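Peer 1: Input run_31.txt, format and content: compact mmCIF, C-alpha atoms.
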```txt
# COMPACT_ATOMS: atom_id res chain seq x y z
CA MET A 861 -14.60 -9.74 -6.43
CA THR A 862 -11.70 -8.84 -8.69
CA GLN A 863 -12.17 -5.71 -10.78
CA ARG A 864 -10.61 -4.66 -14.07
CA VAL A 865 -9.52 -1.07 -13.51
CA PRO A 866 -8.91 1.17 -16.53
CA LEU A 867 -5.57 2.98 -16.43
CA PRO A 868 -4.17 5.80 -18.61
CA ASP A 869 -3.27 5.18 -22.29
CA ASP A 870 -5.68 2.24 -22.64
CA ALA A 871 -3.83 0.24 -19.99
CA TRP A 872 -5.70 -1.84 -17.41
CA ALA A 873 -5.11 -3.83 -14.26
CA GLU A 874 -6.92 -6.62 -12.49
CA ILE A 875 -7.21 -5.53 -8.84
CA LYS A 876 -8.44 -7.82 -6.08
CA GLU A 877 -10.56 -6.65 -3.19
CA PRO A 878 -9.21 -6.67 0.39
CA LYS A 879 -11.46 -9.58 1.38
CA GLU A 880 -9.74 -11.70 -1.28
CA LEU A 881 -6.31 -11.44 0.37
CA THR A 882 -4.77 -14.64 1.57
CA ASN A 883 -3.36 -14.77 5.06
CA ARG A 884 0.15 -14.83 3.51
CA GLU A 885 -0.63 -11.58 1.68
CA ARG A 886 -1.99 -9.98 4.85
CA LYS A 887 1.17 -10.98 6.72
CA PHE A 888 3.29 -9.51 3.91
CA LEU A 889 1.47 -6.17 4.16
CA ARG A 890 1.74 -6.24 7.96
CA ARG A 891 5.52 -6.78 7.76
CA GLN A 892 5.89 -3.93 5.29
CA SER A 893 3.75 -1.65 7.46
CA ILE A 894 5.67 -2.48 10.62
CA ALA A 895 8.98 -1.78 8.87
CA VAL A 896 7.94 1.83 8.21
CA LEU A 897 6.42 2.58 11.65
CA PRO A 898 9.60 4.33 12.93
CA LEU A 899 9.58 6.55 9.84
CA GLN A 900 5.92 7.38 10.31
CA ALA A 901 6.74 8.61 13.82
CA LYS A 902 9.44 10.87 12.34
CA LEU A 903 6.92 12.24 9.85
CA VAL A 904 4.56 13.13 12.67
CA GLU A 905 7.43 14.81 14.55
CA ALA A 906 8.16 16.84 11.40
CA GLY A 907 4.58 18.05 11.39
CA LEU A 908 3.31 15.87 8.54
CA GLY A 909 -0.05 14.22 8.93
CA PRO A 910 -3.11 12.89 7.09
CA SER A 911 -4.01 16.37 5.85
CA ASP A 912 -0.82 16.35 3.75
CA VAL A 913 -2.13 13.41 1.69
CA SER A 914 -5.17 13.65 -0.56
CA ALA A 915 -7.89 11.00 -0.72
CA GLU A 916 -6.17 9.68 -3.85
CA GLY A 917 -2.83 9.30 -2.07
CA GLN A 918 -1.16 12.37 -3.51
CA VAL A 919 1.28 14.16 -1.21
CA SER A 920 1.14 17.95 -1.12
CA ASP A 921 4.09 19.94 -2.48
CA VAL A 922 4.90 21.31 0.97
CA ALA A 923 4.88 17.81 2.44
CA THR A 924 7.10 16.53 -0.38
CA VAL A 925 9.73 19.17 0.41
CA LYS A 926 9.57 18.26 4.12
CA LEU A 927 9.90 14.57 3.25
CA PHE A 928 13.02 15.11 1.15
CA GLU A 929 14.55 17.34 3.83
CA MET A 930 14.12 14.82 6.63
CA LEU A 931 14.51 11.49 4.86
CA GLY A 932 17.62 10.19 3.20
CA ALA A 933 17.45 8.02 0.10
CA ASP A 934 17.39 4.77 2.09
CA ASN A 935 14.54 5.94 4.30
CA LEU A 936 12.60 7.25 1.33
CA ASP A 937 12.95 3.85 -0.38
CA LEU A 938 11.67 2.17 2.78
CA LEU A 939 8.71 4.52 2.99
CA GLU A 940 7.87 3.98 -0.69
CA SER A 941 8.10 0.21 -0.25
CA ILE A 942 4.70 0.15 1.46
CA GLN A 943 3.05 1.48 -1.73
CA SER A 944 4.94 -1.05 -3.83
CA ALA A 945 3.77 -3.76 -1.43
CA ALA A 946 0.15 -2.68 -1.92
CA ILE A 947 0.54 -2.73 -5.71
CA VAL A 948 2.15 -6.18 -5.60
CA THR A 949 -0.45 -7.57 -3.21
CA TYR A 950 -3.58 -6.27 -4.92
CA THR A 951 -2.58 -6.45 -8.62
CA LEU A 952 -3.30 -9.79 -10.28
CA GLY A 953 -2.07 -8.67 -13.69
CA TRP A 954 -2.00 -5.70 -16.01
CA GLY A 955 -2.01 -4.86 -19.69
CA TYR A 956 -0.52 -2.15 -21.86
CA LYS A 957 0.00 -1.79 -25.62
CA ASP A 958 -1.71 -5.08 -26.47
CA GLU A 959 0.55 -6.94 -24.04
CA THR A 960 -0.67 -8.72 -20.94
CA HIS A 961 1.68 -8.82 -17.96
CA PRO A 962 1.58 -11.08 -14.92
CA ALA A 963 1.19 -9.79 -11.41
CA PRO A 964 4.17 -7.66 -10.41
CA THR A 965 6.55 -8.80 -7.70
CA MET A 966 8.65 -6.68 -5.36
CA GLU A 967 11.53 -7.34 -7.77
CA THR A 968 9.61 -6.24 -10.89
CA VAL A 969 7.19 -3.55 -9.70
CA ASP A 970 9.70 -0.77 -10.33
CA ASP A 971 10.26 -1.97 -13.90
CA MET A 972 6.78 -1.00 -15.08
CA PRO A 973 6.34 2.37 -16.80
CA GLY A 974 6.20 5.20 -14.26
CA PHE A 975 2.77 6.45 -15.26
CA LEU A 976 1.35 2.93 -14.78
CA TYR A 977 3.02 2.57 -11.38
CA ASP A 978 1.49 5.91 -10.36
CA ALA A 979 -1.95 4.84 -11.62
CA LEU A 980 -1.69 1.52 -9.76
CA ALA A 981 -0.57 3.39 -6.64
CA LYS A 982 -3.79 5.44 -6.85
CA ALA A 983 -5.89 2.33 -7.56
CA THR A 984 -4.51 0.45 -4.55
CA PHE A 985 -4.17 3.39 -2.14
CA GLY A 986 -6.17 2.75 1.00
CA LEU A 987 -7.45 -0.68 -0.04
CA GLY A 988 -5.93 -2.24 3.05
CA ASP A 989 -7.37 0.33 5.47
CA GLY A 990 -9.03 -1.68 8.19
CA THR A 991 -8.20 -5.04 6.65
CA VAL A 992 -4.63 -5.49 7.86
CA ASP A 993 -5.21 -6.14 11.56
CA PHE A 994 -2.20 -5.58 13.81
CA GLY A 995 -3.96 -7.16 16.78
CA VAL A 996 -3.72 -10.63 18.18
CA ASP A 997 -4.90 -13.19 15.62
CA GLY A 998 -8.44 -14.28 16.35
CA ALA A 999 -9.26 -11.67 18.97
CA PRO A 1000 -12.62 -10.08 18.07
CA ASP A 1001 -11.68 -6.88 19.92
CA PRO A 1002 -8.17 -5.61 19.03
CA SER A 1003 -7.89 -3.97 22.45
CA SER A 1004 -8.49 -7.33 24.12
CA PRO A 1005 -5.79 -10.01 23.70
CA THR A 1006 -8.19 -12.76 24.78
CA VAL A 1007 -11.53 -13.98 23.57
CA PRO A 1008 -14.33 -13.05 25.98
CA SER A 1009 -15.65 -15.90 28.08
CA ILE A 1010 -19.08 -17.20 27.16
CA ALA A 1011 -19.37 -19.42 30.21
```
Once more with this new file: its structure as structure tokens, please.
Peer 2:
Amino acid sequence: MTQRVPLPDDAWAEIKEPKELTNRERKFLRRQSIAVLPLQAKLVEAGLGPSDVSAEGQVSDVATVKLFEMLGADNLDLLESIQSAAIVTYTLGWGYKDETHPAPTMETVDDMPGFLYDALAKATFGLGDGTVDFGVDGAPDPSSPTVPSIA
């Protein structure tokens, strides 16, 4: 069920739950996730891991310095695109200063005020955990590419 999430400065956003995603939206998130896989491997090689990110999605100061040292601007944009994709996918609309705004798109998500983007990043962080399956479509066990025989 969609939830209205309060944001700073009396702003709000309508956020959908992972189970409400359409297959098109799941595919979109999968494509974005796959695009950053090579960068995630580089982050692991640089010694960055889950402990460098808080439960709210905040990156530690030490990790931020490491990120900037190892990633160029293009790679940083690519890495940040996964958060923008989550905001775009889960946000149905938002409001600020008595104005209601439609759902952001990948073209408009960076045009919203920075503090609202950050709040939406927190609100959508981790929503897709376990819902964006990278396995074979329809396989009940992701480690098995075929459906077990019932014969």
Peer 1: Give me the residues near Arg864 in chain A as a ChimeraX atom specification, where near means some atom within 7 Å (using only C-alpha atoms) and where sequence neighbours in that chain fewer than 4 positions away do not count.
Peer 2: /A:872-875
Peer 1: Pick out the residues sitting within 9 Å of Ile947 in chain A, and hand them over as a list in words; count all atoms listed in the file, and ignore anything fewer than 5 positions along from it in its own chain.
Peer 2: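 Residues near the query, excluding close chain neighbours: Ile875, Ile942, Pro964, Thr965, Val969, Tyr977, Leu980, Ala981, Ala983, Thr984 and Phe985 of chain A.
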Peer 1: Given the choices A:Val925, A:Leu938, A:Met966, A:Leu931, which gets closest to Thr951 in chain A if the distance is worked out from all atoms listed in the file?
Peer 2: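 Of the candidates, the smallest distance to Thr951 in chain A is held by A:Met966.
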Peer 1: Nearest to Thr882 in chain A among A:Lys982, A:Thr949, A:Pro898, A:Asp971, with distances taken over all atoms listed in the file: which residue is it?
Peer 2: A:Thr949
Peer 1: Given 5 Å on each side, where is the centre and what are the edge lengths in Å to one decimal of the axis-aligned box enclosing the listed atoms of range 870-878 of chain A, as AutoDock Vina command-line options?
Peer 2:
```
--center_x -7.2 --center_y -2.8 --center_z -11.1 --size_x 16.7 --size_y 20.1 --size_z 33.0
```
Peer 1: Choose the residue, out of A:Glu959, A:Leu987, A:Glu940, A:Gly953, that has the smallest atom-to-atom separation from Arg886 in chain A; count all atoms listed in the file.
Peer 2: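 Checking each of A:Glu959, A:Leu987, A:Glu940, A:Gly953 against Arg886 in chain A, counting all atoms listed in the file, the winner is A:Leu987.
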Peer 1: Hey, can you check how far CA of Pro878 in chain A sits from CA of Val896 in chain A?
Peer 2: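 Pair CA of Pro878 in chain A / CA of Val896 in chain A returns 20.7 Å.
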Peer 1: So the first atom is CA of Lys879 in chain A and the second is CA of Val865 in chain A; what is the distance between them in Å, to one decimal place?
Peer 2: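 Atom-to-atom, CA of Lys879 in chain A to CA of Val865 in chain A, that is 17.3 Å.
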Peer 1: May I ask which of the residues A:Leu976, A:Leu908, A:Ala901, A:Met930 is the closest one to Lys957 in chain A, counting only C-alpha atoms?
Peer 2: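 Of all the options, A:Leu976 lies closest to Lys957 in chain A.
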Peer 1: For a test of reading the model, state the distance in Å between CA of Gln900 in chain A and CA of Asp970 in chain A, rounded to one decimal.
Peer 2: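 Separation of CA of Gln900 in chain A and CA of Asp970 in chain A: 22.5 Å.
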Peer 1: Please list as a short mmCIF file (atom, residue, chain, number, x, y, z; two decimals) with C-alpha atoms, in the frame of the given file every residue within 8 Å of Lys876 in chain A, counting all atoms listed in the file and excluding residues in the same chain fewer than 5 positions away.
Peer 2:
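The file below, around_12.cif, is the result:
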```cif
data_model
loop_
_atom_site.label_atom_id
_atom_site.label_comp_id
_atom_site.auth_asym_id
_atom_site.auth_seq_id
_atom_site.Cartn_x
_atom_site.Cartn_y
_atom_site.Cartn_z
CA MET A 861 -14.60 -9.74 -6.43
CA THR A 862 -11.70 -8.84 -8.69
CA GLN A 863 -12.17 -5.71 -10.78
CA LEU A 881 -6.31 -11.44 0.37
CA TYR A 950 -3.58 -6.27 -4.92
CA THR A 951 -2.58 -6.45 -8.62
CA LEU A 952 -3.30 -9.79 -10.28
#
```
